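Next up, query_33.cif (mmCIF, C-alpha atoms and all ligand atoms):
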```cif
data_input
loop_
_atom_site.group_PDB
_atom_site.id
_atom_site.type_symbol
_atom_site.label_atom_id
_atom_site.label_comp_id
_atom_site.auth_asym_id
_atom_site.auth_seq_id
_atom_site.Cartn_x
_atom_site.Cartn_y
_atom_site.Cartn_z
ATOM 1 C CA MET A 1 66.291 170.050 50.012
ATOM 2 C CA VAL A 2 69.365 171.103 51.989
ATOM 3 C CA SER A 3 69.720 174.889 52.036
ATOM 4 C CA CYS A 4 72.809 177.075 51.936
ATOM 5 C CA ALA A 5 73.763 178.164 55.459
ATOM 6 C CA LEU A 6 74.416 181.704 54.165
ATOM 7 C CA CYS A 7 71.518 182.505 51.816
ATOM 8 C CA GLY A 8 68.967 179.678 51.936
ATOM 9 C CA LYS A 9 69.343 178.725 48.249
ATOM 10 C CA ARG A 10 69.774 175.051 47.319
ATOM 11 C CA ALA A 11 73.072 173.734 48.704
ATOM 12 C CA VAL A 12 75.452 171.887 46.363
ATOM 13 C CA ILE A 13 77.993 170.711 48.938
ATOM 14 C CA ARG A 14 78.528 170.365 52.657
ATOM 15 C CA VAL A 15 81.964 171.685 53.502
ATOM 16 C CA GLY A 16 82.923 169.314 56.316
ATOM 17 C CA TYR A 17 85.384 171.446 58.273
ATOM 18 C CA LEU A 18 83.093 174.533 58.089
ATOM 19 C CA ASP A 19 80.207 172.255 59.021
ATOM 20 C CA LYS A 20 78.063 174.220 56.569
ATOM 21 C CA PRO A 21 76.121 173.379 53.432
ATOM 22 C CA LEU A 22 76.777 175.992 50.708
ATOM 23 C CA CYS A 23 75.059 176.937 47.449
ATOM 24 C CA ALA A 24 77.023 177.133 44.173
ATOM 25 C CA ASP A 25 77.691 180.892 44.526
ATOM 26 C CA HIS A 26 78.841 180.847 48.141
ATOM 27 C CA PHE A 27 80.905 177.709 47.638
ATOM 28 C CA SER A 28 82.626 179.216 44.565
ATOM 29 C CA GLU A 29 83.355 182.388 46.495
ATOM 30 C CA PHE A 30 84.863 180.378 49.359
ATOM 31 C CA PHE A 31 86.849 178.149 46.961
ATOM 32 C CA GLU A 32 88.317 181.046 44.975
ATOM 33 C CA LYS A 33 89.170 182.984 48.123
ATOM 34 C CA ARG A 34 91.215 180.042 49.444
ATOM 35 C CA PHE A 35 93.020 179.709 46.084
ATOM 36 C CA ARG A 36 93.867 183.411 46.105
ATOM 37 C CA GLN A 37 95.043 183.193 49.723
ATOM 38 C CA MET A 38 97.443 180.407 48.755
ATOM 39 C CA LEU A 39 99.019 182.639 46.100
ATOM 40 C CA VAL A 40 99.520 185.354 48.721
ATOM 41 C CA ARG A 41 100.334 183.332 51.835
ATOM 42 C CA PHE A 42 103.021 181.219 50.175
ATOM 43 C CA ASP A 43 104.306 184.013 47.945
ATOM 44 C CA MET A 44 103.610 181.865 44.926
ATOM 45 C CA VAL A 45 103.594 184.564 42.262
ATOM 46 C CA ASP A 46 105.242 187.887 41.542
ATOM 47 C CA LYS A 47 104.459 190.621 39.073
ATOM 48 C CA GLY A 48 106.047 189.755 35.720
ATOM 49 C CA ASP A 49 106.161 186.003 36.357
ATOM 50 C CA VAL A 50 105.500 183.647 33.480
ATOM 51 C CA VAL A 51 103.569 180.664 34.822
ATOM 52 C CA ALA A 52 103.301 177.373 32.952
ATOM 53 C CA VAL A 53 100.338 175.413 34.278
ATOM 54 C CA ALA A 54 101.071 171.696 33.963
ATOM 55 C CA THR A 55 97.743 170.272 32.881
ATOM 56 C CA SER A 56 96.677 166.671 32.479
ATOM 57 C CA GLY A 57 93.125 167.498 31.450
ATOM 58 C CA GLY A 58 91.814 166.154 34.773
ATOM 59 C CA LYS A 59 89.571 168.277 36.997
ATOM 60 C CA ASP A 60 92.313 169.504 39.348
ATOM 61 C CA SER A 61 94.622 170.768 36.643
ATOM 62 C CA LEU A 62 91.709 172.355 34.748
ATOM 63 C CA VAL A 63 90.638 174.144 37.930
ATOM 64 C CA THR A 64 94.242 175.286 38.493
ATOM 65 C CA LEU A 65 94.491 176.558 34.929
ATOM 66 C CA TYR A 66 91.142 178.330 35.160
ATOM 67 C CA LEU A 67 91.947 180.080 38.439
ATOM 68 C CA MET A 68 95.571 180.895 37.572
ATOM 69 C CA GLU A 69 94.212 182.647 34.501
ATOM 70 C CA LYS A 70 91.452 184.357 36.509
ATOM 71 C CA PHE A 71 93.932 185.920 38.970
ATOM 72 C CA SER A 72 96.653 186.698 36.413
ATOM 73 C CA GLU A 73 95.604 190.273 35.776
ATOM 74 C CA GLU A 74 95.272 191.138 39.458
ATOM 75 C CA PHE A 75 98.755 189.766 40.306
ATOM 76 C CA GLY A 76 100.411 190.818 37.034
ATOM 77 C CA TYR A 77 101.714 187.471 35.815
ATOM 78 C CA SER A 78 101.083 185.674 32.526
ATOM 79 C CA VAL A 79 99.902 182.092 32.068
ATOM 80 C CA PHE A 80 100.029 179.344 29.504
ATOM 81 C CA ALA A 81 99.157 175.638 29.657
ATOM 82 C CA LEU A 82 101.579 172.792 29.185
ATOM 83 C CA ALA A 83 100.457 169.200 28.657
ATOM 84 C CA ILE A 84 102.258 165.920 28.214
ATOM 85 C CA ASP A 85 100.887 163.364 25.794
ATOM 86 C CA GLU A 86 102.330 160.153 27.210
ATOM 87 C CA GLY A 87 100.711 158.041 24.506
ATOM 88 C CA ILE A 88 98.227 156.040 26.586
ATOM 89 C CA SER A 89 95.535 154.893 24.199
ATOM 90 C CA GLY A 90 91.931 154.963 25.351
ATOM 91 C CA TYR A 91 92.788 157.622 27.938
ATOM 92 C CA ARG A 92 95.100 160.444 26.947
ATOM 93 C CA GLU A 93 93.273 161.434 23.742
ATOM 94 C CA TYR A 94 90.019 162.048 25.687
ATOM 95 C CA LYS A 95 91.718 164.106 28.404
ATOM 96 C CA LEU A 96 93.595 166.151 25.800
ATOM 97 C CA ASP A 97 90.359 166.953 23.972
ATOM 98 C CA ALA A 98 88.866 168.241 27.232
ATOM 99 C CA LEU A 99 91.951 170.346 27.861
ATOM 100 C CA VAL A 100 91.941 171.857 24.368
ATOM 101 C CA SER A 101 88.329 172.948 24.751
ATOM 102 C CA VAL A 102 88.911 174.524 28.197
ATOM 103 C CA ALA A 103 92.090 176.290 26.986
ATOM 104 C CA ARG A 104 90.161 177.735 24.023
ATOM 105 C CA LYS A 105 87.216 178.707 26.207
ATOM 106 C CA ILE A 106 89.356 180.712 28.636
ATOM 107 C CA GLY A 107 91.775 181.961 25.979
ATOM 108 C CA VAL A 108 95.130 180.545 27.121
ATOM 109 C CA GLU A 109 97.845 179.141 24.890
ATOM 110 C CA LEU A 110 98.312 175.398 25.136
ATOM 111 C CA TYR A 111 101.542 173.553 24.316
ATOM 112 C CA VAL A 112 101.801 169.774 24.096
ATOM 113 C CA ILE A 113 104.909 167.607 24.343
ATOM 114 C CA SER A 114 104.520 163.990 23.338
ATOM 115 C CA PHE A 115 106.596 161.111 24.675
ATOM 116 C CA LYS A 116 106.660 159.630 21.183
ATOM 117 C CA LYS A 117 108.128 162.728 19.540
ATOM 118 C CA SER A 118 110.478 163.772 22.342
ATOM 119 C CA LEU A 119 111.555 160.410 23.750
ATOM 120 C CA GLY A 120 110.984 158.131 20.758
ATOM 121 C CA ALA A 121 108.261 155.901 22.268
ATOM 122 C CA THR A 122 104.773 156.137 23.716
ATOM 123 C CA LEU A 123 104.162 155.019 27.298
ATOM 124 C CA ASP A 124 102.180 152.077 25.866
ATOM 125 C CA GLU A 125 105.315 151.007 23.965
ATOM 126 C CA MET A 126 107.495 151.516 27.051
ATOM 127 C CA VAL A 127 105.110 149.353 29.115
ATOM 128 C CA ASN A 128 105.502 146.526 26.587
ATOM 129 C CA VAL A 129 109.266 146.686 27.177
ATOM 130 C CA LEU A 130 108.693 146.732 30.961
ATOM 131 C CA LYS A 131 106.489 143.634 30.685
ATOM 132 C CA SER A 132 109.084 141.823 28.571
ATOM 133 C CA LYS A 133 111.631 142.526 31.309
ATOM 134 C CA GLY A 134 109.433 141.262 34.147
ATOM 135 C CA MET A 135 107.881 144.565 35.295
ATOM 136 C CA VAL A 136 110.760 145.470 37.617
ATOM 137 C CA TYR A 137 109.684 149.089 37.212
ATOM 138 C CA LYS A 138 106.035 150.109 37.200
ATOM 139 C CA PRO A 139 104.430 152.346 34.529
ATOM 140 C CA CYS A 140 103.702 155.219 36.944
ATOM 141 C CA GLY A 141 107.334 155.358 38.061
ATOM 142 C CA ILE A 142 108.537 155.718 34.464
ATOM 143 C CA CYS A 143 105.708 158.036 33.453
ATOM 144 C CA GLY A 144 106.198 160.396 36.418
ATOM 145 C CA VAL A 145 109.961 160.733 35.913
ATOM 146 C CA PHE A 146 109.668 161.470 32.171
ATOM 147 C CA ARG A 147 106.737 163.833 32.678
ATOM 148 C CA ARG A 148 108.520 165.941 35.297
ATOM 149 C CA TYR A 149 111.658 165.960 33.174
ATOM 150 C CA LEU A 150 109.878 167.132 30.008
ATOM 151 C CA ILE A 151 107.729 169.694 31.817
ATOM 152 C CA ASN A 152 110.803 171.267 33.369
ATOM 153 C CA LEU A 153 112.630 171.351 30.014
ATOM 154 C CA ALA A 154 109.625 172.745 28.131
ATOM 155 C CA ALA A 155 108.750 175.335 30.785
ATOM 156 C CA ARG A 156 112.328 176.652 30.632
ATOM 157 C CA GLU A 157 112.344 176.596 26.836
ATOM 158 C CA LEU A 158 109.096 178.607 26.741
ATOM 159 C CA GLY A 159 110.402 181.186 29.216
ATOM 160 C CA ALA A 160 108.376 180.208 32.296
ATOM 161 C CA ASN A 161 109.858 180.871 35.734
ATOM 162 C CA LYS A 162 107.077 179.017 37.606
ATOM 163 C CA VAL A 163 105.238 175.759 37.002
ATOM 164 C CA ALA A 164 101.816 175.454 38.659
ATOM 165 C CA THR A 165 100.443 171.965 39.235
ATOM 166 C CA GLY A 166 97.004 170.720 40.267
ATOM 167 C CA HIS A 167 98.115 168.626 43.263
ATOM 168 C CA ASN A 168 95.327 168.720 45.823
ATOM 169 C CA LEU A 169 95.060 167.836 49.516
ATOM 170 C CA ASP A 170 94.231 164.194 48.773
ATOM 171 C CA ASP A 171 97.322 163.845 46.546
ATOM 172 C CA GLU A 172 99.551 165.405 49.165
ATOM 173 C CA ALA A 173 98.172 163.184 51.950
ATOM 174 C CA GLN A 174 98.819 160.095 49.778
ATOM 175 C CA VAL A 175 102.363 161.234 48.973
ATOM 176 C CA PHE A 176 103.151 161.821 52.643
ATOM 177 C CA VAL A 177 101.870 158.393 53.703
ATOM 178 C CA MET A 178 103.935 156.772 50.952
ATOM 179 C CA ASN A 179 107.027 158.749 51.883
ATOM 180 C CA VAL A 180 106.658 157.654 55.504
ATOM 181 C CA ALA A 181 106.182 154.031 54.440
ATOM 182 C CA ARG A 182 109.382 154.212 52.368
ATOM 183 C CA SER A 183 111.332 156.276 54.926
ATOM 184 C CA GLY A 184 111.720 158.889 52.207
ATOM 185 C CA ILE A 185 113.060 161.609 54.510
ATOM 186 C CA PRO A 186 114.457 163.904 51.751
ATOM 187 C CA ASN A 187 111.088 163.717 49.989
ATOM 188 C CA ILE A 188 109.222 164.572 53.192
ATOM 189 C CA VAL A 189 111.443 167.637 53.584
ATOM 190 C CA ARG A 190 110.816 168.682 49.974
ATOM 191 C CA GLU A 191 106.999 168.460 50.036
ATOM 192 C CA TRP A 192 105.711 172.001 50.414
ATOM 193 C CA PRO A 193 103.198 174.200 48.541
ATOM 194 C CA VAL A 194 106.183 175.870 46.819
ATOM 195 C CA SER A 195 109.232 173.833 45.786
ATOM 196 C CA ARG A 196 112.193 175.017 47.824
ATOM 197 C CA GLY A 197 115.808 175.510 46.873
ATOM 198 C CA GLY A 198 117.251 173.299 44.215
ATOM 199 C CA HIS A 199 118.999 174.425 41.102
ATOM 200 C CA GLU A 200 118.599 177.333 38.686
ATOM 201 C CA LYS A 201 117.725 174.814 35.955
ATOM 202 C CA LEU A 202 114.794 173.532 38.036
ATOM 203 C CA VAL A 203 111.777 175.771 37.496
ATOM 204 C CA THR A 204 110.027 176.652 40.788
ATOM 205 C CA ARG A 205 106.862 174.622 41.332
ATOM 206 C CA ILE A 206 103.727 175.935 42.985
ATOM 207 C CA LYS A 207 100.671 174.002 44.184
ATOM 208 C CA PRO A 208 97.769 176.361 44.840
ATOM 209 C CA LEU A 209 95.340 173.478 45.547
ATOM 210 C CA PHE A 210 97.583 172.064 48.300
ATOM 211 C CA PHE A 211 94.842 172.499 50.931
ATOM 212 C CA THR A 212 91.891 171.797 48.637
ATOM 213 C CA PRO A 213 90.126 168.435 49.043
ATOM 214 C CA GLU A 214 89.575 166.529 45.802
ATOM 215 C CA LYS A 215 85.821 166.451 46.347
ATOM 216 C CA GLU A 216 85.658 170.251 46.440
ATOM 217 C CA SER A 217 87.760 170.549 43.331
ATOM 218 C CA LEU A 218 85.313 168.241 41.543
ATOM 219 C CA VAL A 219 82.282 170.282 42.616
ATOM 220 C CA TYR A 220 83.951 173.559 41.619
ATOM 221 C CA SER A 221 84.910 172.162 38.188
ATOM 222 C CA LEU A 222 81.280 171.157 37.611
ATOM 223 C CA ILE A 223 79.988 174.572 38.688
ATOM 224 C CA ARG A 224 82.383 176.312 36.263
ATOM 225 C CA GLY A 225 81.631 173.907 33.398
ATOM 226 C CA LEU A 226 85.235 172.626 33.221
ATOM 227 C CA LYS A 227 84.229 169.356 31.665
ATOM 228 C CA THR A 228 86.485 166.320 31.623
ATOM 229 C CA PRO A 229 85.512 162.744 30.779
ATOM 230 C CA PHE A 230 85.550 160.185 33.590
ATOM 231 C CA VAL A 231 88.177 157.941 32.051
ATOM 232 C CA GLU A 232 90.985 156.497 34.121
ATOM 233 C CA CYS A 233 94.509 155.662 33.063
ATOM 234 C CA PRO A 234 94.685 151.878 32.533
ATOM 235 C CA TYR A 235 98.045 151.719 34.363
ATOM 236 C CA VAL A 236 96.662 153.074 37.632
ATOM 237 C CA VAL A 237 96.110 149.464 38.776
ATOM 238 C CA TYR A 238 99.884 148.953 38.975
ATOM 239 C CA SER A 239 100.319 151.885 41.304
ATOM 240 C CA ALA A 240 100.813 151.448 45.058
ATOM 241 C CA ARG A 241 99.433 154.945 45.406
ATOM 242 C CA HIS A 242 96.072 153.731 44.129
ATOM 243 C CA ARG A 243 95.758 151.461 47.184
ATOM 244 C CA VAL A 244 96.813 154.222 49.572
ATOM 245 C CA ARG A 245 94.185 156.462 47.991
ATOM 246 C CA ARG A 246 91.437 153.890 48.560
ATOM 247 C CA GLU A 247 92.471 153.372 52.182
ATOM 248 C CA LEU A 248 92.638 157.081 52.937
ATOM 249 C CA ASN A 249 89.191 157.609 51.413
ATOM 250 C CA ARG A 250 87.857 154.824 53.627
ATOM 251 C CA LEU A 251 89.487 156.345 56.704
ATOM 252 C CA GLU A 252 88.161 159.797 55.804
ATOM 253 C CA ASP A 253 84.623 158.386 55.641
ATOM 254 C CA GLU A 254 85.056 156.870 59.100
ATOM 255 C CA LYS A 255 86.907 159.827 60.650
ATOM 256 C CA PRO A 256 86.267 163.037 58.708
ATOM 257 C CA GLY A 257 89.267 165.378 58.730
ATOM 258 C CA VAL A 258 91.920 162.662 58.708
ATOM 259 C CA LYS A 259 93.442 163.939 55.437
ATOM 260 C CA TYR A 260 93.775 167.425 56.866
ATOM 261 C CA ARG A 261 95.505 166.064 59.918
ATOM 262 C CA ILE A 262 97.914 164.107 57.722
ATOM 263 C CA ILE A 263 98.718 167.236 55.730
ATOM 264 C CA ALA A 264 99.213 169.278 58.890
ATOM 265 C CA SER A 265 101.642 166.611 60.147
ATOM 266 C CA SER A 266 103.446 166.530 56.820
ATOM 267 C CA LEU A 267 104.123 170.260 56.941
ATOM 268 C CA LEU A 268 105.272 170.031 60.525
ATOM 269 C CA TYR A 269 107.648 167.153 59.734
ATOM 270 C CA SER A 270 108.907 168.950 56.646
ATOM 271 C CA ARG A 271 109.749 172.016 58.704
ATOM 272 C CA LEU A 272 111.311 170.109 61.605
ATOM 273 C CA LEU A 273 113.322 167.752 59.413
ATOM 274 C CA SER A 274 114.602 170.583 57.226
ATOM 275 C CA ARG A 275 116.555 171.798 60.298
ATOM 276 C CA VAL A 276 118.458 168.557 60.678
ATOM 277 C CA VAL A 277 118.645 167.056 57.186
ATOM 278 C CA ARG A 278 121.680 168.317 55.295
ATOM 279 C CA LYS A 279 120.614 170.237 52.189
ATOM 280 C CA THR A 280 122.143 168.944 48.975
ATOM 281 C CA THR A 281 122.328 170.995 45.816
ATOM 282 C CA PRO A 282 121.482 168.850 42.798
ATOM 283 C CA GLN A 283 124.454 168.028 40.614
ATOM 284 C CA LEU A 284 124.201 167.943 36.820
ATOM 285 C CA CYS A 285 123.548 164.585 35.202
ATOM 286 C CA LYS A 286 126.720 163.512 33.409
ATOM 287 C CA VAL A 287 124.661 162.241 30.457
ATOM 288 C CA CYS A 288 122.113 164.963 29.762
ATOM 289 C CA GLY A 289 123.323 167.912 31.882
ATOM 290 C CA GLU A 290 120.015 168.314 33.731
ATOM 291 C CA PRO A 291 119.817 168.610 37.559
ATOM 292 C CA SER A 292 119.969 165.270 39.313
ATOM 293 C CA SER A 293 120.387 163.842 42.798
ATOM 294 C CA SER A 294 122.751 161.181 41.441
ATOM 295 C CA GLU A 295 125.532 161.070 38.846
ATOM 296 C CA VAL A 296 123.086 159.959 36.155
ATOM 297 C CA CYS A 297 119.521 161.267 36.404
ATOM 298 C CA LYS A 298 116.515 158.954 36.643
ATOM 299 C CA ALA A 299 115.310 159.929 33.153
ATOM 300 C CA CYS A 300 118.637 158.893 31.619
ATOM 301 C CA GLN A 301 118.674 155.671 33.663
ATOM 302 C CA PHE A 302 115.196 154.803 32.371
ATOM 303 C CA ARG A 303 116.096 155.739 28.780
ATOM 304 C CA GLU A 304 119.007 153.343 28.950
ATOM 305 C CA TYR A 305 116.865 150.613 30.546
ATOM 306 C CA LEU A 306 114.153 150.975 27.879
ATOM 307 C CA GLY A 307 116.595 151.236 24.984
ATOM 308 C CA LEU A 308 115.533 154.778 24.045
ATOM 309 C CA GLY A 309 117.712 157.323 22.229
ATOM 310 C CA ASP A 310 118.586 160.887 23.228
ATOM 311 C CA VAL A 311 115.863 163.321 24.287
ATOM 312 C CA SER A 312 114.852 165.664 21.483
ATOM 313 C CA LEU A 313 112.340 168.108 22.928
ATOM 314 C CA LYS A 314 109.450 168.843 20.539
ATOM 315 C CA ILE A 315 106.896 171.379 21.679
ATOM 316 C CA GLU A 316 103.693 171.797 19.678
ATOM 317 C CA ARG A 317 101.329 174.695 20.083
ATOM 318 C CA VAL A 318 97.799 173.342 20.045
ATOM 319 C CA SER A 319 95.661 176.385 20.866
HETATM 320 FE FE1 LIG A 401 101.152 158.051 34.213
HETATM 321 FE FE2 LIG A 401 100.500 156.400 36.246
HETATM 322 FE FE3 LIG A 401 99.209 158.716 35.950
HETATM 323 FE FE4 LIG A 401 98.847 156.725 34.211
HETATM 324 S S1 LIG A 401 98.283 156.704 36.393
HETATM 325 S S2 LIG A 401 99.143 158.908 33.697
HETATM 326 S S3 LIG A 401 100.886 155.820 34.109
HETATM 327 S S4 LIG A 401 101.374 158.454 36.429
HETATM 328 ZN ZN ZN A 402 120.166 162.837 32.575
#
```
Would you mind giving the structure from this file in C-alpha cells?
Ligand code: SF4
Ligand code: ZN
Amino acid sequence: MVSCALCGKRAVIRVGYLDKPLCADHFSEFFEKRFRQMLVRFDMVDKGDVVAVATSGGKDSLVTLYLMEKFSEEFGYSVFALAIDEGISGYREYKLDALVSVARKIGVELYVISFKKSLGATLDEMVNVLKSKGMVYKPCGICGVFRRYLINLAARELGANKVATGHNLDDEAQVFVMNVARSGIPNIVREWPVSRGGHEKLVTRIKPLFFTPEKESLVYSLIRGLKTPFVECPYVVYSARHRVRRELNRLEDEKPGVKYRIIASSLLYSRLLSRVVRKTTPQLCKVCGEPSSSEVCKACQFREYLGLGDVSLKIERVS
C-alpha cells in the first residue's frame, strides 16, 4: 500500500509535480485550494455575479459545477447550470441523466437547450447532411460553433454575466498545439483562463480548471461521488484533436510535465503576441446580429450550409 506523504493513510493518487502520494482528504484539500486560488488570482468572480456553468455532464464540467457552487457563498455570486442537448443518440441522454442527478444533489438549477428545438435539427441529423455533402466540415466543428453560440445566447437571456467552463490543462495543451499547427495566432492570443476583451454581447468566460490535469479531475470527481457514465461521443473519431490528445498523453508518459510546459509556453506566447497583434472588436453578424469576426458569423454560415432555418432559442428548466 502506498501511503499519503502527509498523514500515512492510504494514498489515492501520486501528484507528479509535487512528487507526493496523497490520500483522498489531502488530495481534495489541495485540489479545492488550487480551484479557489484560480478564482482569486485571475479575478474570475465578483460579488453579485451570476455565473452560468456550461456543463456537458462529463467529469470536468461536473467538478466545475460542484466547486463553483461550493465557493458561491464565500465569494457572493450565484450559480446555475446550463447544458446543451446536441441530439447525439447513445451518448447525450446518458450524460444528461448524470448531470440532472448531480444538479439535484447539490441543489442548483439546470437549464437545457436542445439543438433540435432551437436550431431545428439534432447533431445526428446535421451529420447526415454533412455526409451527403462529402464531409467537408467535421461534426465537432459544427457542434462546437453551435454550442458556443447557444450557450452565449442562453446565458445572456438568463441574466448571467459569466460563463464557467470545465476546460482543464489537457484540453488547453491540446488547443495550443492545434493552434500552433494551424498558425492560429489570434486564437493563441485569446486563450487565457479568463476570456479577454470582445463585445458586450459576449458573456465573459472563465476556466477555473485551466491548470488542473484531467487525471486529477477524474480522481476528485470519484472522491466526491460526481458520477458520470464512461460513454464517448461517437463523432470523436472525426476530430483531429482526438489524435493530438493521444499523442500528448503518450509524450506525458515518456516525459512527465510536458503538458504543463506546453501550457506555460501558451500563456507566454499569448502575452507576448497580444503586444503586437492588432486587437479587433467583433462586428455584429449581418444575419443574426450576434458578435462575429466576419460579416456573417460561423453559426449563420453553417445554418445556411445545412439548410436550417432561423435560430429560435428554447430554454427548458430541468431541475
Ligand atoms: Fe460535439 Fe465533437 Fe464533443 Fe461530440 S466530440 S460532443 S461532436 S464537440
Ligand atoms: Zn449570425
- Query: For Pro229 of chain A, which residue out of A:Glu74, A:Glu29, A:Glu86, A:Asp97 is the nearest one, using all atoms listed in the file?
  - Reply: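 The shortest atom-to-atom distance to Pro229 of chain A comes from A:Asp97.
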* Could the residues that lie within 7 Å of ligand LIG 401 (chain A), counting only C-alpha atoms and all ligand atoms, be listed as a PyMOL selection string? => chain A and resi 139-141+143-144+233-236+239
Inset, instruction - Using the chain letters and residue numbers of this document, give as a PyMOL selection string the residues selected by the PyMOL selection byres (((not hetatm)) within 12 of (chain A and resi 402)). - result: chain A and resi 145-146+149-150+153+282-304+309-311
Taking 4 positions as the minimum chain separation for residues in the same chain, which residues sit within 12 Å of Gln37 of chain A when counting all atoms listed in the file? Answer as a PyMOL selection string. chain A and resi 30-33+41-45+71+208-212
(Q) Applying the PyMOL selection byres (((chain A and resi 274) around 12) and not hetatm) to the file I just gave you, which residues come out? Please list them as a PyMOL selection string. (A) chain A and resi 185-192+196-197+266-273+275-280
Keeping C-alpha atoms for every residue in the selection just given, could you write it to a file as a PDB file, in the frame of the given file?
```pdb
ATOM      1  CA  ILE A 185     113.060 161.609  54.510  1.00  0.00           C
ATOM      2  CA  PRO A 186     114.457 163.904  51.751  1.00  0.00           C
ATOM      3  CA  ASN A 187     111.088 163.717  49.989  1.00  0.00           C
ATOM      4  CA  ILE A 188     109.222 164.572  53.192  1.00  0.00           C
ATOM      5  CA  VAL A 189     111.443 167.637  53.584  1.00  0.00           C
ATOM      6  CA  ARG A 190     110.816 168.682  49.974  1.00  0.00           C
ATOM      7  CA  GLU A 191     106.999 168.460  50.036  1.00  0.00           C
ATOM      8  CA  TRP A 192     105.711 172.001  50.414  1.00  0.00           C
ATOM      9  CA  ARG A 196     112.193 175.017  47.824  1.00  0.00           C
ATOM     10  CA  GLY A 197     115.808 175.510  46.873  1.00  0.00           C
ATOM     11  CA  SER A 266     103.446 166.530  56.820  1.00  0.00           C
ATOM     12  CA  LEU A 267     104.123 170.260  56.941  1.00  0.00           C
ATOM     13  CA  LEU A 268     105.272 170.031  60.525  1.00  0.00           C
ATOM     14  CA  TYR A 269     107.648 167.153  59.734  1.00  0.00           C
ATOM     15  CA  SER A 270     108.907 168.950  56.646  1.00  0.00           C
ATOM     16  CA  ARG A 271     109.749 172.016  58.704  1.00  0.00           C
ATOM     17  CA  LEU A 272     111.311 170.109  61.605  1.00  0.00           C
ATOM     18  CA  LEU A 273     113.322 167.752  59.413  1.00  0.00           C
ATOM     19  CA  ARG A 275     116.555 171.798  60.298  1.00  0.00           C
ATOM     20  CA  VAL A 276     118.458 168.557  60.678  1.00  0.00           C
ATOM     21  CA  VAL A 277     118.645 167.056  57.186  1.00  0.00           C
ATOM     22  CA  ARG A 278     121.680 168.317  55.295  1.00  0.00           C
ATOM     23  CA  LYS A 279     120.614 170.237  52.189  1.00  0.00           C
ATOM     24  CA  THR A 280     122.143 168.944  48.975  1.00  0.00           C
TER      25      THR A 280
END
```
- request: Pick out the residues sitting within 7 Å of Val163 of chain A, and hand them over as a PyMOL selection string; count all atoms listed in the file, and ignore anything fewer than 4 positions along from it in its own chain.
  value: chain A and resi 51-54+203-206
Those residues you just picked out, can you put them in a file as a PDB file, in the coordinates of the input with C-alpha atoms?
```pdb
ATOM      1  CA  VAL A  51     103.569 180.664  34.822  1.00  0.00           C
ATOM      2  CA  ALA A  52     103.301 177.373  32.952  1.00  0.00           C
ATOM      3  CA  VAL A  53     100.338 175.413  34.278  1.00  0.00           C
ATOM      4  CA  ALA A  54     101.071 171.696  33.963  1.00  0.00           C
ATOM      5  CA  VAL A 203     111.777 175.771  37.496  1.00  0.00           C
ATOM      6  CA  THR A 204     110.027 176.652  40.788  1.00  0.00           C
ATOM      7  CA  ARG A 205     106.862 174.622  41.332  1.00  0.00           C
ATOM      8  CA  ILE A 206     103.727 175.935  42.985  1.00  0.00           C
TER       9      ILE A 206
END
```
